[in-house]
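Undergrad: Structure file start-v2.txt (compact mmCIF, C-alpha atoms) right here:
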```txt
# COMPACT_ATOMS: atom_id res chain seq x y z
CA MET A 137 0.00 0.00 0.00
CA LYS A 138 1.52 3.30 -1.09
CA HIS A 139 0.69 6.52 0.75
CA HIS A 140 0.33 9.80 -1.14
CA THR A 141 -0.74 13.38 -0.52
CA ILE A 142 -2.38 15.46 -3.21
CA ASN A 143 -3.27 19.15 -3.04
CA ILE A 144 -6.78 20.00 -4.21
CA GLU A 145 -7.70 23.70 -3.99
CA ASP A 146 -5.07 24.27 -1.27
CA VAL A 147 -6.36 21.34 0.79
CA ASN A 148 -4.01 18.40 1.21
CA ILE A 149 -5.68 15.01 0.94
CA HIS A 150 -3.95 11.87 2.11
CA TYR A 151 -4.78 8.68 0.25
CA VAL A 152 -3.50 5.15 -0.21
CA GLU A 153 -3.08 3.36 -3.49
CA ALA A 154 -2.38 -0.24 -4.50
CA GLY A 155 -2.58 -2.43 -7.58
CA ASP A 156 0.47 -1.62 -9.70
CA ASN A 157 -0.33 -4.36 -12.21
CA TYR A 158 -4.02 -3.60 -12.61
CA LYS A 159 -3.81 -2.69 -16.32
CA SER A 160 -3.17 -6.27 -17.37
CA TYR A 161 -6.29 -7.53 -15.60
CA SER A 162 -9.31 -5.29 -16.03
CA PRO A 163 -10.77 -2.71 -18.37
CA ARG A 164 -12.34 -1.01 -15.33
CA GLN A 165 -9.07 0.13 -13.96
CA THR A 166 -9.63 2.16 -10.81
CA ILE A 167 -11.85 1.69 -7.77
CA VAL A 168 -12.17 4.69 -5.46
CA PHE A 169 -13.37 4.00 -1.90
CA LEU A 170 -14.95 6.75 0.23
CA HIS A 171 -15.30 6.09 3.97
CA GLY A 172 -17.80 7.47 6.45
CA PHE A 173 -17.97 8.77 10.03
CA PRO A 174 -15.98 8.32 12.25
CA GLU A 175 -13.56 6.33 10.12
CA TYR A 176 -10.62 6.72 7.75
CA TRP A 177 -9.20 5.02 4.67
CA GLY A 178 -8.44 1.85 6.68
CA THR A 179 -12.12 0.97 6.99
CA TRP A 180 -11.66 -0.55 3.53
CA HIS A 181 -8.62 -2.71 4.34
CA ALA A 182 -10.36 -5.99 3.40
CA GLN A 183 -11.61 -4.54 0.10
CA LEU A 184 -8.27 -2.93 -0.75
CA ASP A 185 -6.43 -6.19 -0.15
CA TYR A 186 -8.95 -8.19 -2.18
CA PHE A 187 -9.35 -5.96 -5.22
CA SER A 188 -5.77 -4.70 -5.58
CA SER A 189 -4.81 -7.91 -7.41
CA LYS A 190 -7.08 -7.01 -10.34
CA TYR A 191 -7.72 -3.28 -10.04
CA ARG A 192 -5.97 -0.12 -9.07
CA VAL A 193 -7.53 0.82 -5.74
CA ILE A 194 -7.54 4.26 -4.10
CA ALA A 195 -8.87 5.20 -0.67
CA PRO A 196 -8.56 8.76 0.67
CA ASP A 197 -8.98 10.14 4.13
CA LEU A 198 -11.88 12.51 3.52
CA PRO A 199 -11.25 16.20 4.31
CA GLY A 200 -11.32 16.68 8.06
CA TYR A 201 -10.19 13.14 8.81
CA ASN A 202 -6.98 11.50 9.95
CA LEU A 203 -4.01 12.66 7.83
CA SER A 204 -5.96 14.92 5.44
CA ASP A 205 -6.28 18.67 6.07
CA LYS A 206 -9.09 19.96 8.29
CA PRO A 207 -10.56 23.11 6.72
CA LYS A 208 -11.91 25.53 9.32
CA GLU A 209 -14.84 26.94 7.35
CA LYS A 210 -18.13 25.12 7.85
CA SER A 211 -19.11 26.10 4.30
CA PHE A 212 -16.37 23.82 2.95
CA PHE A 213 -18.33 20.85 4.30
CA GLU A 214 -21.61 21.70 2.61
CA VAL A 215 -22.53 18.76 0.43
CA SER A 216 -22.53 20.85 -2.74
CA ASN A 217 -18.89 21.79 -2.13
CA LEU A 218 -17.83 18.30 -1.07
CA ILE A 219 -19.23 16.91 -4.33
CA GLN A 220 -17.19 19.35 -6.40
CA PHE A 221 -14.11 18.78 -4.28
CA MET A 222 -14.16 14.99 -4.44
CA ALA A 223 -14.92 15.11 -8.17
CA LYS A 224 -11.67 17.05 -8.58
CA PHE A 225 -9.89 14.47 -6.44
CA ILE A 226 -11.09 11.72 -8.79
CA GLN A 227 -10.15 13.73 -11.87
CA CYS A 228 -6.63 14.26 -10.50
CA THR A 229 -6.01 10.70 -9.32
CA ALA A 230 -7.67 8.89 -12.24
CA PRO A 231 -7.58 11.37 -15.13
CA GLN A 232 -7.74 8.88 -18.01
CA GLU A 233 -10.80 6.82 -17.15
CA LYS A 234 -14.14 6.47 -15.48
CA VAL A 235 -13.88 4.98 -12.00
CA ILE A 236 -15.85 2.51 -9.95
CA LEU A 237 -16.98 4.45 -6.89
CA VAL A 238 -17.57 2.52 -3.63
CA ALA A 239 -18.86 4.42 -0.61
CA HIS A 240 -20.23 3.99 2.91
CA ASP A 241 -22.10 6.33 5.26
CA TRP A 242 -20.91 9.95 4.70
CA GLY A 243 -18.85 8.73 1.76
CA GLY A 244 -22.17 7.70 0.26
CA VAL A 245 -23.72 11.10 0.98
CA ILE A 246 -21.03 12.46 -1.33
CA ALA A 247 -20.99 9.58 -3.82
CA TRP A 248 -24.70 9.57 -4.67
CA PRO A 249 -24.84 13.16 -6.02
CA LEU A 250 -21.30 12.94 -7.39
CA ALA A 251 -22.40 10.06 -9.62
CA ALA A 252 -25.52 12.02 -10.57
CA PHE A 253 -23.84 15.33 -11.42
CA PHE A 254 -20.54 13.98 -12.76
CA PRO A 255 -21.62 10.96 -14.82
CA LYS A 256 -18.51 11.20 -16.99
CA LEU A 257 -16.39 10.31 -13.95
CA VAL A 258 -18.26 7.26 -12.63
CA GLU A 259 -18.75 4.01 -14.51
CA ARG A 260 -20.37 2.06 -11.68
CA LEU A 261 -21.50 2.92 -8.18
CA VAL A 262 -21.50 0.71 -5.08
CA ILE A 263 -23.19 1.96 -1.90
CA LEU A 264 -22.97 0.40 1.56
CA ASN A 265 -25.52 1.64 4.10
CA ALA A 266 -25.78 5.19 2.85
CA ALA A 267 -29.31 6.29 2.06
CA HIS A 268 -30.04 7.89 -1.29
CA PRO A 269 -30.46 11.62 -0.50
CA SER A 270 -33.93 11.85 -2.04
CA ILE A 271 -35.17 8.79 -0.16
CA PHE A 272 -33.51 9.83 3.11
CA THR A 273 -35.09 13.29 2.94
CA ARG A 274 -38.47 11.67 2.23
CA GLU A 275 -38.09 9.49 5.31
CA MET A 276 -37.00 12.43 7.46
CA VAL A 277 -40.12 14.30 6.38
CA HIS A 278 -42.63 11.47 6.80
CA ASN A 279 -41.11 8.82 9.06
CA ALA A 280 -41.00 9.52 12.80
CA GLU A 281 -38.78 6.49 13.40
CA GLN A 282 -36.14 7.88 11.04
CA ARG A 283 -36.20 11.20 12.84
CA GLN A 284 -35.81 9.35 16.11
CA LYS A 285 -32.86 7.38 14.74
CA SER A 286 -31.29 10.68 13.66
CA GLU A 287 -31.66 12.30 17.09
CA TYR A 288 -28.00 11.55 17.89
CA ILE A 289 -26.97 14.16 15.31
CA HIS A 290 -28.08 16.90 17.71
CA GLU A 291 -25.42 15.64 20.13
CA LEU A 292 -22.81 15.85 17.36
CA ILE A 293 -23.54 19.50 16.59
CA ALA A 294 -23.84 20.68 20.19
CA SER A 295 -21.32 23.20 21.46
CA ASN A 296 -19.67 20.61 23.71
CA ALA A 297 -19.47 17.88 21.05
CA VAL A 298 -15.70 17.89 20.55
CA LYS A 299 -15.14 17.52 24.28
CA LYS A 300 -17.84 14.88 24.62
CA LEU A 301 -16.47 12.73 21.80
CA SER A 302 -12.87 13.07 23.00
CA GLU A 303 -13.23 12.39 26.71
CA ASN A 304 -12.49 9.04 28.36
CA ASN A 305 -10.33 7.97 25.43
CA TYR A 306 -13.11 8.47 22.84
CA GLU A 307 -15.63 6.39 24.74
CA TYR A 308 -18.58 8.02 22.92
CA LEU A 309 -17.23 7.09 19.50
CA LYS A 310 -16.35 3.54 20.50
CA ASN A 311 -19.48 2.72 22.48
CA LYS A 312 -22.26 4.84 20.98
CA ILE A 313 -21.32 5.48 17.35
CA PHE A 314 -19.99 1.94 16.87
CA MET A 315 -23.03 0.68 18.76
CA GLY A 316 -24.64 -2.19 16.92
CA MET A 317 -21.41 -3.48 15.46
CA ARG A 318 -21.09 -7.18 16.16
CA GLU A 319 -19.06 -7.90 19.26
CA GLY A 320 -15.53 -8.91 18.37
CA THR A 321 -15.67 -7.41 14.88
CA LEU A 322 -12.77 -5.04 15.57
CA SER A 323 -9.52 -6.42 16.91
CA GLU A 324 -7.72 -4.64 19.72
CA THR A 325 -5.18 -3.41 17.16
CA GLN A 326 -7.95 -1.94 15.02
CA ARG A 327 -9.47 -0.21 18.04
CA LYS A 328 -6.11 1.30 18.93
CA THR A 329 -5.69 2.46 15.34
CA TYR A 330 -9.05 4.23 15.48
CA GLU A 331 -7.97 5.96 18.68
CA ASN A 332 -4.84 7.20 16.89
CA VAL A 333 -6.94 8.37 13.92
CA TRP A 334 -9.24 10.37 16.21
CA ALA A 335 -6.26 11.77 18.09
CA GLN A 336 -4.86 13.51 15.02
CA PRO A 337 -4.86 17.30 15.56
CA ASP A 338 -8.36 18.77 15.02
CA ALA A 339 -9.66 15.43 13.68
CA VAL A 340 -12.71 15.20 15.95
CA ASN A 341 -13.73 18.75 15.07
CA GLY A 342 -13.09 18.05 11.38
CA MET A 343 -15.34 14.98 11.42
CA LEU A 344 -18.14 16.91 13.09
CA GLN A 345 -18.09 19.63 10.43
CA TYR A 346 -20.02 17.30 8.13
CA TYR A 347 -22.94 17.22 10.54
CA ARG A 348 -22.87 20.94 11.21
CA ALA A 349 -23.31 21.60 7.49
CA MET A 350 -25.81 18.83 6.64
CA PRO A 351 -29.11 19.93 5.04
CA GLN A 352 -31.54 17.26 6.32
CA LEU A 353 -31.47 18.01 10.03
CA ALA A 354 -34.89 17.56 11.56
CA PRO A 355 -36.05 19.62 14.56
CA ASN A 356 -34.95 18.18 17.89
CA GLU A 357 -37.94 16.15 18.97
CA LYS A 358 -38.75 13.30 21.30
CA ILE A 359 -40.84 10.60 19.62
CA VAL A 360 -43.26 8.70 21.87
CA ASP A 361 -45.05 5.63 20.51
CA VAL A 362 -48.78 5.87 21.14
CA GLY A 363 -49.70 2.57 19.51
CA ASN A 364 -50.81 1.37 16.07
CA GLY A 365 -47.59 2.55 14.51
CA HIS A 366 -48.27 6.21 15.34
CA SER A 367 -46.33 8.66 17.46
CA ASN A 368 -46.77 12.08 18.97
CA GLY A 369 -43.75 13.46 17.12
CA PRO A 370 -44.53 16.31 14.70
CA VAL A 371 -44.13 15.63 10.99
CA VAL A 372 -41.46 17.85 9.48
CA ALA A 373 -43.18 20.06 6.92
CA ALA A 374 -42.15 19.34 3.33
CA GLU A 375 -41.53 23.03 2.70
CA GLN A 376 -38.95 22.95 5.50
CA MET A 377 -37.05 20.07 3.96
CA LYS A 378 -37.16 19.96 0.18
CA ILE A 379 -36.75 16.53 -1.36
CA PRO A 380 -33.92 16.71 -3.92
CA ASN A 381 -34.19 15.09 -7.33
CA ILE A 382 -30.98 13.03 -7.48
CA ARG A 383 -31.04 10.62 -10.41
CA ILE A 384 -28.30 8.09 -11.14
CA SER A 385 -27.77 6.75 -14.65
CA CYS A 386 -24.87 4.34 -14.09
CA PRO A 387 -25.29 0.73 -12.90
CA THR A 388 -25.55 0.77 -9.12
CA LEU A 389 -25.25 -1.84 -6.38
CA ILE A 390 -26.67 -1.21 -2.90
CA LEU A 391 -25.44 -3.43 -0.06
CA TRP A 392 -27.58 -2.91 3.03
CA GLY A 393 -27.22 -4.21 6.58
CA GLU A 394 -30.76 -4.18 7.91
CA GLN A 395 -29.79 -3.84 11.60
CA ASP A 396 -28.66 -0.27 10.95
CA GLN A 397 -28.92 1.96 14.00
CA ALA A 398 -28.93 5.14 11.88
CA PHE A 399 -31.28 4.29 8.99
CA VAL A 400 -34.73 2.70 8.79
CA LYS A 401 -35.21 -0.11 6.25
CA GLU A 402 -37.59 2.10 4.26
CA ASN A 403 -34.56 4.01 2.96
CA ILE A 404 -34.34 1.33 0.27
CA ASP A 405 -38.03 1.48 -0.73
CA GLY A 406 -38.66 3.20 -4.05
CA VAL A 407 -35.01 3.81 -4.84
CA GLU A 408 -35.65 2.52 -8.38
CA GLU A 409 -37.47 5.78 -9.10
CA TYR A 410 -34.14 7.59 -8.86
CA VAL A 411 -31.76 4.75 -9.80
CA PRO A 412 -33.31 2.69 -12.63
CA ASP A 413 -30.32 0.35 -13.07
CA VAL A 414 -29.98 -0.81 -9.46
CA ARG A 415 -29.30 -4.10 -7.71
CA ILE A 416 -30.02 -4.42 -4.01
CA ARG A 417 -28.54 -7.02 -1.67
CA ARG A 418 -29.89 -7.01 1.87
CA PHE A 419 -28.10 -8.54 4.84
CA PRO A 420 -30.80 -9.11 7.50
CA ASP A 421 -28.42 -9.77 10.39
CA ALA A 422 -25.73 -7.16 9.62
CA SER A 423 -25.54 -3.63 10.98
CA HIS A 424 -24.47 -0.26 9.61
CA TRP A 425 -20.85 -1.49 9.71
CA LEU A 426 -21.28 -3.98 6.89
CA GLN A 427 -17.77 -3.96 5.44
CA HIS A 428 -16.33 -4.66 8.90
CA GLU A 429 -18.74 -7.41 9.85
CA LEU A 430 -19.03 -9.27 6.54
CA PRO A 431 -15.92 -8.38 4.49
CA ASP A 432 -15.89 -11.59 2.45
CA GLU A 433 -19.57 -11.31 1.52
CA VAL A 434 -19.14 -7.65 0.61
CA ASN A 435 -16.14 -8.46 -1.61
CA LEU A 436 -18.03 -11.25 -3.36
CA GLU A 437 -21.08 -9.08 -4.06
CA ILE A 438 -18.94 -6.26 -5.45
CA GLU A 439 -16.95 -8.65 -7.60
CA LYS A 440 -20.10 -10.24 -9.06
CA PHE A 441 -21.45 -6.78 -9.82
CA LEU A 442 -18.27 -5.66 -11.58
CA VAL A 443 -17.95 -8.66 -13.88
CA LYS A 444 -21.53 -8.45 -15.19
```
Could you render the structure as structure tokens?
TA:
Amino acid sequence: MKHHTINIEDVNIHYVEAGDNYKSYSPRQTIVFLHGFPEYWGTWHAQLDYFSSKYRVIAPDLPGYNLSDKPKEKSFFEVSNLIQFMAKFIQCTAPQEKVILVAHDWGGVIAWPLAAFFPKLVERLVILNAAHPSIFTREMVHNAEQRQKSEYIHELIASNAVKKLSENNYEYLKNKIFMGMREGTLSETQRKTYENVWAQPDAVNGMLQYYRAMPQLAPNEKIVDVGNGHSNGPVVAAEQMKIPNIRISCPTLILWGEQDQAFVKENIDGVEEYVPDVRIRRFPDASHWLQHELPDEVNLEIEKFLVK
């Protein structure tokens, strides 16, 4: 695995690269992996190891994370800017070809519209537990359970969030954000590595910038079940949260762990309206942390998708 740093618009992005002999194996030459919160490029270690024998693989630390720069301006982390920024990253690291884009969580928040607005850059799209922005906004508007699942975001944008996430050796990140991950999924070495990633200067603040700038934040509300599937939580008015029209033309694979603590299962329903050429593979017993829990199954599903 080779480590590089590239400067995009005066922001240094650290990334890893492998697969020196990829050209002799595959016409789809480069796979770009985008991680989510609160991770780093190493979340993809099993995929990088597996696919580097046949493809060139690239995995950056997203801006704000680990060894990449941490811009101070919240506006940098608005999704519209992140899309443009990561499109330039792809253009600079894979200038001669369309890429296969694989993304999880916040990486998926970027990857969905990037594939929609920059179709000349993306040949195929693979999404792991990252809701399509149109569907997610729909669920935030109409689904009280989704708003309840998203309540934790208010803790991440509170004024004391950096302190809260950092104290007791990052206990909040390990025990609440990684909540739901199968016990024993991460080795002690991996846990220590995450602690080192979070300990990079300004990394916790950089990670939280994504939430401070996100557009689909529902009002802080407490949902109480009153029976028959109803709740006393107010429905977020549609005019307060406009549903975007994000349409994907490239072949797309969605891998979804159904025991996701952040997303309701309905985030898959109706996705064909926005992504006509889509394949969906559900994992009923897996959580939000699919690539950690079931790396071999994830690799197999991606490989089958790429050879079709």
Undergrad: Which residues are close to A:Gln397, i.e. within 9 Å by only C-alpha atoms, leaving aside same-chain residues fewer than 5 positions away? Reply as a list in words.
TA: Lys285, Met315, Gly316, Ser423 and His424 of chain A
Undergrad: Would you mind reading off the distance between atom CA of A:Glu437 and atom CA of A:Leu198, one decimal, in Å?
TA: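 Separating atom CA of A:Glu437 from atom CA of A:Leu198 is a distance of 24.7 Å.
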Undergrad: Name the closest residue to A:Glu433 among the candidates A:Tyr186, A:Ala247, A:Tyr308, A:Pro231; distances are taken between atoms, counting all atoms listed in the file.
TA: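 Closest candidate: A:Tyr186.
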Undergrad: What's the separation between atom CA of A:Val333 and atom CA of A:Tyr176, in Å to one decimal place?
TA: 7.4 Å
Undergrad: From the options A:Asn279, A:Asn143, A:Thr325, A:Gln220, which residue's atoms come nearest to A:Glu402, counting all atoms listed in the file?
TA: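 The shortest atom-to-atom distance to A:Glu402 comes from A:Asn279.
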Undergrad: I'd like the contact shell of A:Val434 - 12 Å cut-off, all atoms listed in the file, skipping same-chain residues fewer than 5 positions apart - returned as a PDB file with C-alpha atoms, in the coordinates of the input.
TA:
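The file below, around_20.pdb, is the result:
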```pdb
ATOM      1  CA  TRP A 180     -11.660  -0.550   3.530  1.00  0.00           C
ATOM      2  CA  ALA A 182     -10.360  -5.990   3.400  1.00  0.00           C
ATOM      3  CA  GLN A 183     -11.610  -4.540   0.100  1.00  0.00           C
ATOM      4  CA  LEU A 184      -8.270  -2.930  -0.750  1.00  0.00           C
ATOM      5  CA  TYR A 186      -8.950  -8.190  -2.180  1.00  0.00           C
ATOM      6  CA  PHE A 187      -9.350  -5.960  -5.220  1.00  0.00           C
ATOM      7  CA  VAL A 238     -17.570   2.520  -3.630  1.00  0.00           C
ATOM      8  CA  HIS A 240     -20.230   3.990   2.910  1.00  0.00           C
ATOM      9  CA  VAL A 262     -21.500   0.710  -5.080  1.00  0.00           C
ATOM     10  CA  ILE A 263     -23.190   1.960  -1.900  1.00  0.00           C
ATOM     11  CA  LEU A 264     -22.970   0.400   1.560  1.00  0.00           C
ATOM     12  CA  ASN A 265     -25.520   1.640   4.100  1.00  0.00           C
ATOM     13  CA  LEU A 389     -25.250  -1.840  -6.380  1.00  0.00           C
ATOM     14  CA  ILE A 390     -26.670  -1.210  -2.900  1.00  0.00           C
ATOM     15  CA  LEU A 391     -25.440  -3.430  -0.060  1.00  0.00           C
ATOM     16  CA  TRP A 392     -27.580  -2.910   3.030  1.00  0.00           C
ATOM     17  CA  GLY A 393     -27.220  -4.210   6.580  1.00  0.00           C
ATOM     18  CA  ARG A 417     -28.540  -7.020  -1.670  1.00  0.00           C
ATOM     19  CA  ARG A 418     -29.890  -7.010   1.870  1.00  0.00           C
ATOM     20  CA  PHE A 419     -28.100  -8.540   4.840  1.00  0.00           C
ATOM     21  CA  ALA A 422     -25.730  -7.160   9.620  1.00  0.00           C
ATOM     22  CA  TRP A 425     -20.850  -1.490   9.710  1.00  0.00           C
ATOM     23  CA  LEU A 426     -21.280  -3.980   6.890  1.00  0.00           C
ATOM     24  CA  GLN A 427     -17.770  -3.960   5.440  1.00  0.00           C
ATOM     25  CA  HIS A 428     -16.330  -4.660   8.900  1.00  0.00           C
ATOM     26  CA  GLU A 429     -18.740  -7.410   9.850  1.00  0.00           C
ATOM     27  CA  GLU A 439     -16.950  -8.650  -7.600  1.00  0.00           C
ATOM     28  CA  LYS A 440     -20.100 -10.240  -9.060  1.00  0.00           C
ATOM     29  CA  PHE A 441     -21.450  -6.780  -9.820  1.00  0.00           C
TER      30      PHE A 441
END
```
Undergrad: Calculated over all atoms listed in the file, which of the candidates A:Leu250, A:Ile142, A:Val340, A:Ile271 has the smallest distance to A:Asn403?
TA: A:Ile271
Undergrad: Could you check how far atom CA of A:Arg348 sits from atom CA of A:Thr141, in Å to one decimal?
TA: 26.2 Å
Undergrad: Could you check the closest approach to A:Gly342 for each of A:Met222, A:Ala195, A:Leu203, A:Val443 and tell me which residue wins, using all atoms listed in the file?
TA: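 The closest residue to A:Gly342 is A:Leu203.
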Undergrad: Which residues come within 9 Å of stretch 172-175 of chain A, counting all atoms listed in the file, excluding same-chain residues fewer than 4 positions away, as a JSON list (two decimals) with C-alpha atoms, in the frame of the given file?
TA:
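Generated file (result-v6.json):
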```json
[["chain", "number", "residue", "atom", "x", "y", "z"],
["A", 179, "THR", "CA", -12.12, 0.97, 6.99],
["A", 197, "ASP", "CA", -8.98, 10.14, 4.13],
["A", 198, "LEU", "CA", -11.88, 12.51, 3.52],
["A", 201, "TYR", "CA", -10.19, 13.14, 8.81],
["A", 202, "ASN", "CA", -6.98, 11.50, 9.95],
["A", 239, "ALA", "CA", -18.86, 4.42, -0.61],
["A", 240, "HIS", "CA", -20.23, 3.99, 2.91],
["A", 241, "ASP", "CA", -22.10, 6.33, 5.26],
["A", 242, "TRP", "CA", -20.91, 9.95, 4.70],
["A", 243, "GLY", "CA", -18.85, 8.73, 1.76],
["A", 244, "GLY", "CA", -22.17, 7.70, 0.26],
["A", 245, "VAL", "CA", -23.72, 11.10, 0.98],
["A", 309, "LEU", "CA", -17.23, 7.09, 19.50],
["A", 313, "ILE", "CA", -21.32, 5.48, 17.35],
["A", 314, "PHE", "CA", -19.99, 1.94, 16.87],
["A", 330, "TYR", "CA", -9.05, 4.23, 15.48],
["A", 333, "VAL", "CA", -6.94, 8.37, 13.92],
["A", 334, "TRP", "CA", -9.24, 10.37, 16.21],
["A", 340, "VAL", "CA", -12.71, 15.20, 15.95],
["A", 343, "MET", "CA", -15.34, 14.98, 11.42],
["A", 344, "LEU", "CA", -18.14, 16.91, 13.09],
["A", 346, "TYR", "CA", -20.02, 17.30, 8.13]]
```
Undergrad: Which one of A:Pro351, A:Pro255, A:Gly155, A:Pro420 sits closest to A:Pro387 if you count all atoms listed in the file?
TA: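 Distance minimum relative to A:Pro387 lands on A:Pro255.
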Undergrad: Have a look at A:Leu322, A:Glu307, A:Lys224, A:Leu237 and name the one nearest to A:Pro431; count all atoms listed in the file.
TA: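 Nearest candidate to A:Pro431 out of A:Leu322, A:Glu307, A:Lys224, A:Leu237: A:Leu322.
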Undergrad: Near A:Phe212, counting all atoms listed in the file, which residues have an atom at most 10 Å away, once you skip same-chain residues fewer than 3 positions from it, shown as a CSV table (one decimal) with C-alpha atoms, in the coordinates of the input?
TA:
```
chain,number,residue,atom,x,y,z
A,199,PRO,CA,-11.2,16.2,4.3
A,206,LYS,CA,-9.1,20.0,8.3
A,207,PRO,CA,-10.6,23.1,6.7
A,208,LYS,CA,-11.9,25.5,9.3
A,209,GLU,CA,-14.8,26.9,7.4
A,215,VAL,CA,-22.5,18.8,0.4
A,216,SER,CA,-22.5,20.8,-2.7
A,217,ASN,CA,-18.9,21.8,-2.1
A,218,LEU,CA,-17.8,18.3,-1.1
A,221,PHE,CA,-14.1,18.8,-4.3
A,345,GLN,CA,-18.1,19.6,10.4
A,346,TYR,CA,-20.0,17.3,8.1
A,349,ALA,CA,-23.3,21.6,7.5
```
